[in-house]
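Structure data (TSV, C-alpha atoms and all ligand atoms) from data21.tsv:
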```
chain	number	residue	atom	x	y	z
A	1	MET	CA	-21.74	20.92	23.00
A	2	GLU	CA	-17.99	21.14	22.38
A	3	ILE	CA	-16.62	18.68	19.82
A	4	LEU	CA	-12.94	17.90	19.41
A	5	THR	CA	-12.23	16.57	15.93
A	6	VAL	CA	-9.05	14.64	15.21
A	7	ILE	CA	-7.87	14.43	11.60
A	8	GLY	CA	-4.47	13.81	10.07
A	9	ALA	CA	-4.54	12.12	6.67
A	10	ARG	CA	-5.79	13.24	3.28
A	11	PRO	CA	-9.13	11.38	3.09
A	12	GLN	CA	-10.07	12.73	6.52
A	13	PHE	CA	-9.79	16.32	5.38
A	14	VAL	CA	-12.47	15.69	2.74
A	15	LYS	CA	-14.82	14.03	5.22
A	16	ALA	CA	-14.26	16.60	7.97
A	17	ALA	CA	-14.93	19.44	5.53
A	18	VAL	CA	-18.53	18.23	5.30
A	19	VAL	CA	-19.32	17.84	8.99
A	20	SER	CA	-17.34	20.91	10.00
A	21	ARG	CA	-19.42	23.05	7.66
A	22	VAL	CA	-22.66	21.76	9.22
A	23	ILE	CA	-21.28	22.51	12.70
A	24	ARG	CA	-20.32	26.06	11.69
A	25	ASP	CA	-23.72	26.65	10.06
A	26	GLN	CA	-25.51	25.49	13.20
A	27	ALA	CA	-23.28	27.60	15.43
A	28	ALA	CA	-23.90	30.63	13.20
A	29	ALA	CA	-27.65	30.01	13.54
A	30	GLY	CA	-27.27	30.31	17.32
A	31	GLY	CA	-26.91	26.61	18.15
A	32	ASP	CA	-24.99	25.64	21.28
A	33	ILE	CA	-22.20	23.86	19.42
A	34	GLY	CA	-18.51	24.39	18.76
A	35	GLU	CA	-15.63	22.48	17.21
A	36	ARG	CA	-11.92	22.37	17.89
A	37	ILE	CA	-9.90	20.69	15.14
A	38	VAL	CA	-6.68	18.88	16.01
A	39	HIS	CA	-4.42	17.88	13.11
A	40	THR	CA	-2.08	15.05	14.06
A	41	GLY	CA	0.39	15.98	11.32
A	42	GLN	CA	0.31	12.44	9.86
A	43	HIS	CA	0.22	14.10	6.42
A	44	TYR	CA	2.31	17.23	6.22
A	45	ASP	CA	3.27	17.97	2.60
A	46	HIS	CA	1.40	20.95	1.13
A	47	GLY	CA	-0.14	18.78	-1.58
A	48	MET	CA	-1.21	16.11	0.96
A	49	SER	CA	-2.66	18.47	3.57
A	50	LYS	CA	-2.76	22.26	3.34
A	51	VAL	CA	-4.22	22.43	-0.16
A	52	PHE	CA	-7.34	20.62	1.13
A	53	PHE	CA	-7.86	23.12	3.94
A	54	GLU	CA	-7.52	26.02	1.52
A	55	GLU	CA	-9.64	24.62	-1.27
A	56	MET	CA	-12.43	23.15	0.88
A	57	ALA	CA	-12.50	26.07	3.35
A	58	ILE	CA	-11.80	23.87	6.38
A	59	PRO	CA	-11.03	26.00	9.44
A	60	GLU	CA	-7.35	26.18	10.37
A	61	PRO	CA	-6.69	23.48	13.01
A	62	SER	CA	-6.39	24.81	16.56
A	63	ALA	CA	-3.43	22.51	17.07
A	64	ASN	CA	-1.04	20.58	14.86
A	65	LEU	CA	0.76	17.77	16.64
A	66	ALA	CA	3.34	17.54	13.83
A	67	VAL	CA	3.77	13.82	14.36
A	68	GLY	CA	4.89	13.14	10.77
A	69	SER	CA	5.84	9.74	9.40
A	70	GLY	CA	7.16	6.76	11.32
A	71	MET	CA	6.70	3.13	12.24
A	72	GLN	CA	3.08	2.14	12.98
A	73	GLY	CA	3.57	1.96	16.74
A	74	GLU	CA	5.79	5.00	17.04
A	75	GLN	CA	3.55	7.20	14.93
A	76	THR	CA	0.35	6.10	16.69
A	77	ALA	CA	1.88	6.41	20.16
A	78	GLU	CA	3.04	9.98	19.54
A	79	MET	CA	-0.43	10.87	18.33
A	80	ILE	CA	-2.11	9.34	21.40
A	81	ALA	CA	0.14	11.34	23.73
A	82	GLY	CA	-0.53	14.60	21.87
A	83	ILE	CA	-4.30	14.05	21.61
A	84	GLU	CA	-4.49	13.13	25.31
A	85	ARG	CA	-2.90	16.47	26.21
A	86	GLU	CA	-5.46	18.28	24.03
A	87	LEU	CA	-8.35	16.39	25.60
A	88	VAL	CA	-7.17	17.06	29.14
A	89	ALA	CA	-6.63	20.75	28.40
A	90	HIS	CA	-9.92	21.38	26.59
A	91	LYS	CA	-12.31	18.80	28.10
A	92	PRO	CA	-14.61	18.42	25.07
A	93	ASP	CA	-18.01	16.73	25.35
A	94	LEU	CA	-17.21	14.46	22.43
A	95	LEU	CA	-14.35	13.28	20.22
A	96	LEU	CA	-15.04	12.94	16.50
A	97	VAL	CA	-12.92	10.76	14.19
A	98	TYR	CA	-13.18	9.62	10.58
A	99	GLY	CA	-12.30	6.51	8.64
A	100	ASP	CA	-9.48	4.10	9.37
A	101	THR	CA	-6.10	5.77	9.62
A	102	ASN	CA	-3.66	5.77	12.50
A	103	SER	CA	-5.00	9.23	13.40
A	104	THR	CA	-8.48	7.70	13.80
A	105	LEU	CA	-7.23	4.97	16.11
A	106	ALA	CA	-5.12	7.35	18.19
A	107	GLY	CA	-8.04	9.72	18.75
A	108	ALA	CA	-10.42	6.95	19.72
A	109	LEU	CA	-7.99	5.34	22.18
A	110	ALA	CA	-7.00	8.61	23.84
A	111	ALA	CA	-10.61	9.72	24.35
A	112	THR	CA	-12.10	6.47	25.51
A	113	LYS	CA	-9.47	6.13	28.25
A	114	LEU	CA	-10.44	9.58	29.49
A	115	HIS	CA	-14.14	8.58	29.41
A	116	ILE	CA	-14.86	11.07	26.66
A	117	PRO	CA	-17.53	9.73	24.26
A	118	VAL	CA	-16.21	8.78	20.82
A	119	ALA	CA	-18.08	9.30	17.55
A	120	HIS	CA	-16.77	7.36	14.54
A	121	VAL	CA	-17.79	8.40	11.05
A	122	GLU	CA	-17.49	5.55	8.52
A	123	ALA	CA	-18.08	2.81	11.08
A	124	GLY	CA	-18.64	-0.86	10.28
A	125	LEU	CA	-16.35	-1.21	7.27
A	126	ARG	CA	-14.32	-4.41	7.07
A	127	SER	CA	-11.90	-5.93	4.57
A	128	PHE	CA	-11.36	-9.05	6.73
A	129	ASP	CA	-7.63	-8.68	6.18
A	130	ARG	CA	-5.85	-7.91	9.44
A	131	ARG	CA	-2.56	-7.46	7.65
A	132	MET	CA	-3.86	-4.02	6.65
A	133	PRO	CA	-3.15	-1.49	9.40
A	134	GLU	CA	-6.46	0.16	8.45
A	135	GLU	CA	-8.41	-3.01	9.31
A	136	VAL	CA	-7.00	-3.07	12.85
A	137	ASN	CA	-7.76	0.64	13.17
A	138	ARG	CA	-11.38	0.10	12.08
A	139	ILE	CA	-12.05	-2.80	14.39
A	140	VAL	CA	-10.57	-1.20	17.50
A	141	THR	CA	-12.14	2.21	16.83
A	142	ASP	CA	-15.60	0.70	16.34
A	143	HIS	CA	-15.35	-1.34	19.52
A	144	VAL	CA	-14.56	1.70	21.70
A	145	SER	CA	-16.98	4.11	19.98
A	146	ASP	CA	-20.21	5.41	21.50
A	147	PHE	CA	-21.67	6.76	18.26
A	148	LEU	CA	-21.11	4.65	15.16
A	149	PHE	CA	-22.11	6.40	11.95
A	150	CYS	CA	-22.43	3.87	9.13
A	151	PRO	CA	-22.36	4.81	5.45
A	152	SER	CA	-24.55	1.85	4.46
A	153	GLN	CA	-26.87	-0.81	5.83
A	154	GLN	CA	-24.19	-3.40	5.10
A	155	ALA	CA	-21.84	-1.66	7.55
A	156	ALA	CA	-24.50	-1.67	10.29
A	157	SER	CA	-25.11	-5.38	9.72
A	158	GLN	CA	-21.40	-6.04	10.13
A	159	LEU	CA	-21.39	-4.22	13.47
A	160	ALA	CA	-24.40	-6.26	14.59
A	161	ALA	CA	-22.50	-9.43	13.65
A	162	GLU	CA	-19.72	-8.27	16.01
A	163	GLY	CA	-22.22	-7.61	18.80
A	164	ILE	CA	-22.32	-3.82	18.41
A	165	GLU	CA	-25.91	-2.59	18.26
A	166	ARG	CA	-26.01	0.40	20.61
A	167	GLY	CA	-25.20	3.80	19.17
A	168	VAL	CA	-25.29	2.56	15.56
A	169	HIS	CA	-26.83	4.96	13.01
A	170	VAL	CA	-27.00	4.50	9.24
A	171	VAL	CA	-26.61	8.08	8.01
A	172	GLY	CA	-25.17	7.62	4.52
A	173	ASP	CA	-21.70	8.53	3.40
A	174	VAL	CA	-20.25	11.99	3.97
A	175	MET	CA	-18.25	11.60	0.75
A	176	VAL	CA	-21.55	11.84	-1.14
A	177	ASP	CA	-22.20	15.17	0.61
A	178	ALA	CA	-18.69	16.33	-0.30
A	179	LEU	CA	-19.01	15.39	-3.95
A	180	GLU	CA	-22.41	17.05	-4.32
A	181	TYR	CA	-21.20	20.23	-2.63
A	182	TYR	CA	-17.89	20.64	-4.48
A	183	ARG	CA	-18.74	19.12	-7.87
A	184	ALA	CA	-19.70	22.42	-9.47
A	185	ARG	CA	-16.16	23.69	-8.76
A	186	ALA	CA	-14.29	20.66	-10.16
A	187	ILE	CA	-11.12	21.62	-12.01
A	188	ASP	CA	-11.06	20.35	-15.57
A	189	PRO	CA	-7.89	18.28	-16.17
A	190	ALA	CA	-7.49	19.73	-19.67
A	191	ARG	CA	-6.23	16.48	-21.16
A	192	PRO	CA	-7.47	14.62	-24.20
A	193	ALA	CA	-10.03	11.85	-23.75
A	194	PRO	CA	-10.09	8.95	-23.39
A	195	PHE	CA	-7.89	8.30	-20.40
A	196	ALA	CA	-8.06	6.14	-17.29
A	197	LEU	CA	-7.42	7.43	-13.76
A	198	ALA	CA	-5.22	5.33	-11.47
A	199	THR	CA	-3.95	5.61	-7.90
A	200	VAL	CA	-1.76	3.22	-5.91
A	201	HIS	CA	-0.60	3.86	-2.36
A	202	ARG	CA	-1.59	0.93	-0.11
A	203	ALA	CA	1.29	-0.43	1.92
A	204	GLY	CA	0.28	-3.91	0.70
A	205	ASN	CA	1.19	-2.84	-2.85
A	206	THR	CA	3.93	-0.25	-2.38
A	207	ASP	CA	5.92	-2.30	0.10
A	208	ASP	CA	5.75	-5.53	-1.92
A	209	PRO	CA	8.25	-5.21	-4.81
A	210	GLN	CA	6.63	-7.96	-6.88
A	211	ARG	CA	3.14	-6.53	-6.61
A	212	LEU	CA	4.29	-3.00	-7.34
A	213	ALA	CA	6.26	-4.08	-10.42
A	214	ALA	CA	3.31	-6.16	-11.69
A	215	ILE	CA	0.87	-3.26	-11.32
A	216	PHE	CA	3.14	-0.81	-13.13
A	217	GLU	CA	3.72	-3.34	-15.90
A	218	ALA	CA	-0.04	-3.82	-16.36
A	219	LEU	CA	-0.73	-0.08	-16.43
A	220	ALA	CA	2.04	0.51	-18.98
A	221	ALA	CA	0.25	-1.95	-21.30
A	222	ALA	CA	-3.25	-0.44	-20.89
A	223	PRO	CA	-5.16	0.21	-24.14
A	224	THR	CA	-5.78	3.89	-23.27
A	225	PRO	CA	-3.50	6.45	-21.57
A	226	VAL	CA	-3.49	6.14	-17.79
A	227	VAL	CA	-2.88	9.15	-15.55
A	228	MET	CA	-1.67	8.45	-12.03
A	229	PRO	CA	-1.28	11.08	-9.29
A	230	ILE	CA	1.56	9.74	-7.17
A	231	HIS	CA	1.33	9.44	-3.37
A	232	PRO	CA	4.72	10.15	-1.70
A	233	ARG	CA	4.80	6.59	-0.33
A	234	THR	CA	4.54	5.29	-3.90
A	235	ALA	CA	7.11	7.75	-5.22
A	236	ALA	CA	9.56	6.50	-2.59
A	237	ALA	CA	8.85	2.85	-3.49
A	238	MET	CA	9.30	3.53	-7.22
A	239	GLU	CA	12.63	5.20	-6.50
A	240	ARG	CA	13.73	2.27	-4.32
A	241	GLN	CA	12.84	-0.24	-7.00
A	242	GLY	CA	14.03	1.79	-9.98
A	243	ILE	CA	10.53	1.85	-11.51
A	244	SER	CA	9.65	4.67	-13.89
A	245	PRO	CA	6.38	5.10	-15.80
A	246	ARG	CA	6.38	3.53	-19.27
A	247	GLY	CA	3.99	2.98	-22.17
A	248	SER	CA	0.46	4.22	-21.49
A	249	LEU	CA	1.24	5.34	-17.96
A	250	GLU	CA	1.87	8.96	-17.00
A	251	CYS	CA	2.63	9.90	-13.38
A	252	ILE	CA	1.74	13.34	-12.04
A	253	PRO	CA	2.18	14.95	-8.59
A	254	PRO	CA	-0.59	14.47	-5.97
A	255	VAL	CA	-3.75	16.38	-6.89
A	256	SER	CA	-6.18	18.45	-4.82
A	257	TYR	CA	-9.78	17.40	-4.19
A	258	LEU	CA	-11.20	19.66	-6.92
A	259	GLN	CA	-8.60	18.38	-9.38
A	260	MET	CA	-9.47	14.81	-8.41
A	261	ILE	CA	-13.18	15.36	-9.05
A	262	GLY	CA	-12.27	16.88	-12.41
A	263	LEU	CA	-10.23	13.77	-13.29
A	264	LEU	CA	-13.04	11.51	-12.10
A	265	GLU	CA	-15.64	13.31	-14.19
A	266	ARG	CA	-13.58	13.13	-17.36
A	267	CYS	CA	-11.89	9.72	-17.10
A	268	GLU	CA	-13.14	6.58	-18.79
A	269	TYR	CA	-12.68	4.34	-15.75
A	270	VAL	CA	-10.73	4.08	-12.50
A	271	LEU	CA	-7.98	1.74	-11.28
A	272	THR	CA	-7.15	2.03	-7.60
A	273	ASP	CA	-6.22	0.49	-4.29
A	274	SER	CA	-7.75	3.44	-2.40
A	275	GLY	CA	-10.96	2.98	-0.44
A	276	GLY	CA	-12.44	6.41	-1.06
A	277	LEU	CA	-11.74	6.46	-4.77
A	278	GLN	CA	-13.70	3.23	-5.31
A	279	LYS	CA	-16.76	5.03	-4.00
A	280	GLU	CA	-16.07	8.28	-5.81
A	281	ALA	CA	-15.70	6.39	-9.10
A	282	TYR	CA	-19.15	4.92	-8.51
A	283	LEU	CA	-20.68	8.27	-7.63
A	284	CYS	CA	-19.25	9.72	-10.86
A	285	GLY	CA	-20.68	6.87	-12.93
A	286	LYS	CA	-17.39	5.09	-13.62
A	287	ARG	CA	-16.46	1.45	-13.28
A	288	CYS	CA	-13.62	0.67	-10.91
A	289	VAL	CA	-10.88	-1.95	-11.13
A	290	THR	CA	-9.59	-2.51	-7.60
A	291	LEU	CA	-5.90	-3.36	-7.29
A	292	ARG	CA	-6.31	-5.29	-4.05
A	293	ASP	CA	-7.31	-8.79	-3.00
A	294	GLN	CA	-10.46	-7.62	-1.20
A	295	THR	CA	-12.50	-4.48	-0.55
A	296	GLU	CA	-14.47	-3.07	2.33
A	297	TRP	CA	-16.94	-1.56	-0.20
A	298	ILE	CA	-18.41	-4.94	-1.03
A	299	GLU	CA	-21.74	-3.45	-2.18
A	300	LEU	CA	-19.96	-2.08	-5.24
A	301	VAL	CA	-18.78	-5.53	-6.22
A	302	ASP	CA	-22.26	-6.98	-5.60
A	303	ILE	CA	-23.92	-4.50	-7.96
A	304	GLY	CA	-21.30	-5.00	-10.67
A	305	ALA	CA	-19.61	-1.58	-10.44
A	306	ASN	CA	-16.30	-2.83	-9.08
A	307	ARG	CA	-13.97	-5.74	-9.86
A	308	ILE	CA	-11.30	-6.99	-7.50
A	309	VAL	CA	-8.22	-8.00	-9.47
A	310	GLY	CA	-5.31	-7.88	-7.03
A	311	ALA	CA	-1.91	-7.26	-8.64
A	312	ASP	CA	-2.04	-9.91	-11.37
A	313	PRO	CA	-1.26	-8.38	-14.80
A	314	ALA	CA	-3.49	-10.85	-16.68
A	315	ALA	CA	-6.45	-10.17	-14.37
A	316	ILE	CA	-5.87	-6.42	-14.63
A	317	ALA	CA	-5.68	-6.57	-18.43
A	318	ALA	CA	-8.92	-8.56	-18.62
A	319	ALA	CA	-10.72	-6.11	-16.33
A	320	LEU	CA	-9.66	-3.09	-18.41
A	321	GLU	CA	-11.91	-4.11	-21.30
A	322	TRP	CA	-14.83	-4.55	-18.91
A	323	ALA	CA	-14.13	-1.22	-17.24
A	324	ARG	CA	-14.47	0.95	-20.34
A	325	ALA	CA	-18.28	0.88	-20.34
A	326	PRO	CA	-19.88	3.54	-18.12
A	327	LEU	CA	-22.25	2.54	-15.34
A	328	THR	CA	-25.83	2.48	-16.51
A	329	GLU	CA	-27.40	2.46	-13.05
A	330	GLN	CA	-26.30	4.08	-9.80
A	331	PRO	CA	-28.70	3.20	-6.98
A	332	ARG	CA	-28.09	5.56	-4.04
A	333	ILE	CA	-26.61	2.95	-1.74
A	334	TYR	CA	-24.55	5.56	0.10
A	335	GLY	CA	-27.34	7.94	1.00
A	336	ASP	CA	-28.79	11.17	-0.25
A	337	GLY	CA	-25.95	13.62	0.39
A	338	GLN	CA	-27.32	14.65	3.78
A	339	ALA	CA	-25.06	12.51	5.96
A	340	GLY	CA	-23.43	15.53	7.65
A	341	ALA	CA	-26.78	16.92	8.81
A	342	ALA	CA	-27.92	13.46	9.93
A	343	ILE	CA	-24.77	13.03	12.05
A	344	LEU	CA	-25.29	16.39	13.77
A	345	SER	CA	-28.93	15.66	14.45
A	346	VAL	CA	-27.99	12.41	16.24
A	347	LEU	CA	-25.16	14.05	18.21
A	348	ARG	CA	-27.31	16.95	19.38
A	349	GLY	CA	-30.11	14.51	20.28
A	401	LIG	C1	-2.47	6.74	5.27
A	401	LIG	C2	-3.52	5.78	5.82
A	401	LIG	C3	-4.31	5.19	4.65
A	401	LIG	C4	-4.89	6.26	3.76
A	401	LIG	C5	-3.77	7.17	3.32
A	401	LIG	C6	-4.30	8.30	2.45
A	401	LIG	C7	-2.81	4.64	7.89
A	401	LIG	C8	-2.36	3.36	8.47
A	401	LIG	N1	-2.91	4.65	6.54
A	401	LIG	O1	-1.55	5.98	4.53
A	401	LIG	O2	-5.36	4.40	5.14
A	401	LIG	O3	-5.51	5.68	2.64
A	401	LIG	O4	-3.12	7.72	4.48
A	401	LIG	O5	-3.26	8.96	1.82
A	401	LIG	O6	-3.05	5.60	8.60
A	401	LIG	N2	4.51	10.90	3.23
A	401	LIG	C9	5.07	12.06	2.76
A	401	LIG	N3	4.38	13.22	2.96
A	401	LIG	C10	3.19	13.28	3.61
A	401	LIG	C11	2.64	12.07	4.09
A	401	LIG	C12	3.31	10.90	3.90
A	401	LIG	O7	6.12	12.07	2.16
A	401	LIG	O8	2.62	14.37	3.73
A	401	LIG	C13	5.23	9.62	2.98
A	401	LIG	C14	6.24	9.27	4.02
A	401	LIG	O9	7.31	8.68	3.38
A	401	LIG	C15	5.53	8.24	4.87
A	401	LIG	C16	4.64	7.55	3.84
A	401	LIG	O10	4.28	8.57	2.93
A	401	LIG	O11	6.40	7.37	5.49
A	401	LIG	C17	3.43	6.94	4.43
A	401	LIG	O12	2.63	7.93	5.13
A	401	LIG	P1	1.62	7.48	6.28
A	401	LIG	O13	0.84	8.62	6.76
A	401	LIG	O14	2.34	6.69	7.32
A	401	LIG	O15	0.64	6.46	5.58
A	401	LIG	P2	-0.10	6.57	4.16
A	401	LIG	O16	0.52	5.59	3.26
A	401	LIG	O17	-0.22	7.96	3.68
```

Whole structure given in structure tokens:
Amino acid sequence: MEILTVIGARPQFVKAAVVSRVIRDQAAAGGDIGERIVHTGQHYDHGMSKVFFEEMAIPEPSANLAVGSGMQGEQTAEMIAGIERELVAHKPDLLLVYGDTNSTLAGALAATKLHIPVAHVEAGLRSFDRRMPEEVNRIVTDHVSDFLFCPSQQAASQLAAEGIERGVHVVGDVMVDALEYYRARAIDPARPAPFALATVHRAGNTDDPQRLAAIFEALAAAPTPVVMPIHPRTAAAMERQGISPRGSLECIPPVSYLQMIGLLERCEYVLTDSGGLQKEAYLCGKRCVTLRDQTEWIELVDIGANRIVGADPAAIAAALEWARAPLTEQPRIYGDGQAGAAILSVLRG
């Protein structure tokens, strides 16, 4: 079986590292399986892309479409055209995509139109906010996918509610596999405790001047130091708005995966608008304050590990007191760290 994997943005490198390793192990053991990795080039800075390939030992992509940044439609369209050429040239048995980025959507659309089966890892997630480009990407990708790999039962139930029952498999979350595999190599941040870890990069926050200003104001007033690795989108927005870090807030350049795990292990709590970091905070036993108006990881809110506060400084300030206590219980709602193997066993039938 020949798999063509499409990745392009930072969180996808982490997820693909897991499944790609299982594929290579099975191929090395004599299995009839191979993988061709296509990088769309959605993320292109060294700190947003290459460092993940180096650190996580992800094979060099066979092709890089070098699409870069752009308007939603322009960026996605260029990716579809490039992926289509790859699919026509290499005729894989299956296309594999991860998560909810424009690279995910482009891969799924290109393959399904060529009648190539689509496998979607992290299927069934919903924020119910179609103003997020990621929500549109999730819905469309799920509805054209042949294999839908869900991280949780909740995600499978959501697919059922949308009439998707065939090809749905609850396999757990590949980010659990990643964390368990790489944790021993986490890079210690070498900074005094206590500190909080924050990230902000959602378009809904960075592209809304009022929200961005309110979030930075709240973080500046936090009771403990806050360290924030800065996504280039956020750096550009700060520059545009003349925002610089003040008070408790310290901004640092984007960090690698091993640096991020190190920060997660040592921080007191997490503040974020990222999807993946909400889960990683939980897996590392930290409470998470989510700087959005909703989350697709609703299980975390239900079990009291996550609070949704939006961009309101008073709500953020109130949640910071709550967030300082570590989690006392961490039921394994996202699986047992064997999601990669479970995905391969379904695909190879
Ligand atoms: C994308 C995903 C988002 C994911 C995030 C992880 C979509 C719609 N969104 O958002 O779900 O959480 O990746 O980081 O696919 N830029 C650089 N260098 C880079 C990459 C981006 O400077 O290597 C800057 C550019 O100014 C660009 C902006 O960041 O315009 C946004 O990049 P883009 O890939 O369009 O979306 P993200 O915000 O990264």

query: What do you get as a PyMOL selection string if you pick all residues at most 7 Å from ligand LIG 401 (chain A), counting all atoms listed in the file?
result: chain A and resi 9-11+42-45+48-49+69-70+100-103+133-134+201-203+231-233+236+274-275

Check your understanding: Contacts of Thr295 (chain A) at 12 Å or less, counting all atoms listed in the file, minus same-chain residues fewer than 6 places along, as number ranges by chain?
Key -> A: 125-129, 132, 134-135, 272-279, 288-289, 301-302, 306-310

With all atoms listed in the file as the atoms that count, which of A:Trp322, A:Phe13, A:Tyr269, A:Trp297 lies nearest to Ser152 (chain A)?
->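 Checking each of A:Trp322, A:Phe13, A:Tyr269, A:Trp297 against Ser152 (chain A), counting all atoms listed in the file, the winner is A:Trp297.
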
Please identify all polymer residues within 6 Å of Asp173 (chain A), counting all atoms listed in the file, omitting same-chain residues fewer than 3 positions from it, and present them as a PyMOL selection string.
-> chain A and resi 151+176+334+339

| task | Write out as a count of residues only each polymer residue whose atoms come within 6 Å of region 258-263 of chain A, counting all atoms listed in the file; drop sequence neighbours fewer than 2 positions from it. | result | 9

Shortest contact to Ala323 (chain A), candidates A:Glu268, A:Glu35, A:Asp146, A:Glu180, atoms counted only C-alpha atoms, goes to A:Glu268

Considering all atoms listed in the file, tabulate each residue of region 117-140 of chain A that lies at most 12 Å from region 16-25 of chain A along with its nearest interatomic pair and the corresponding distance in Å to one decimal; arrange the rows by chain and ascending residue number and present them as a Markdown table.
```
| residue | atom | partner | partner_atom | distance |
| --- | --- | --- | --- | --- |
| A:His120 | CA | A:Ala16 | CA | 11.6 |
| A:Val121 | CA | A:Ala16 | CA | 9.4 |
| A:Glu122 | CA | A:Ala16 | CA | 11.5 |
```
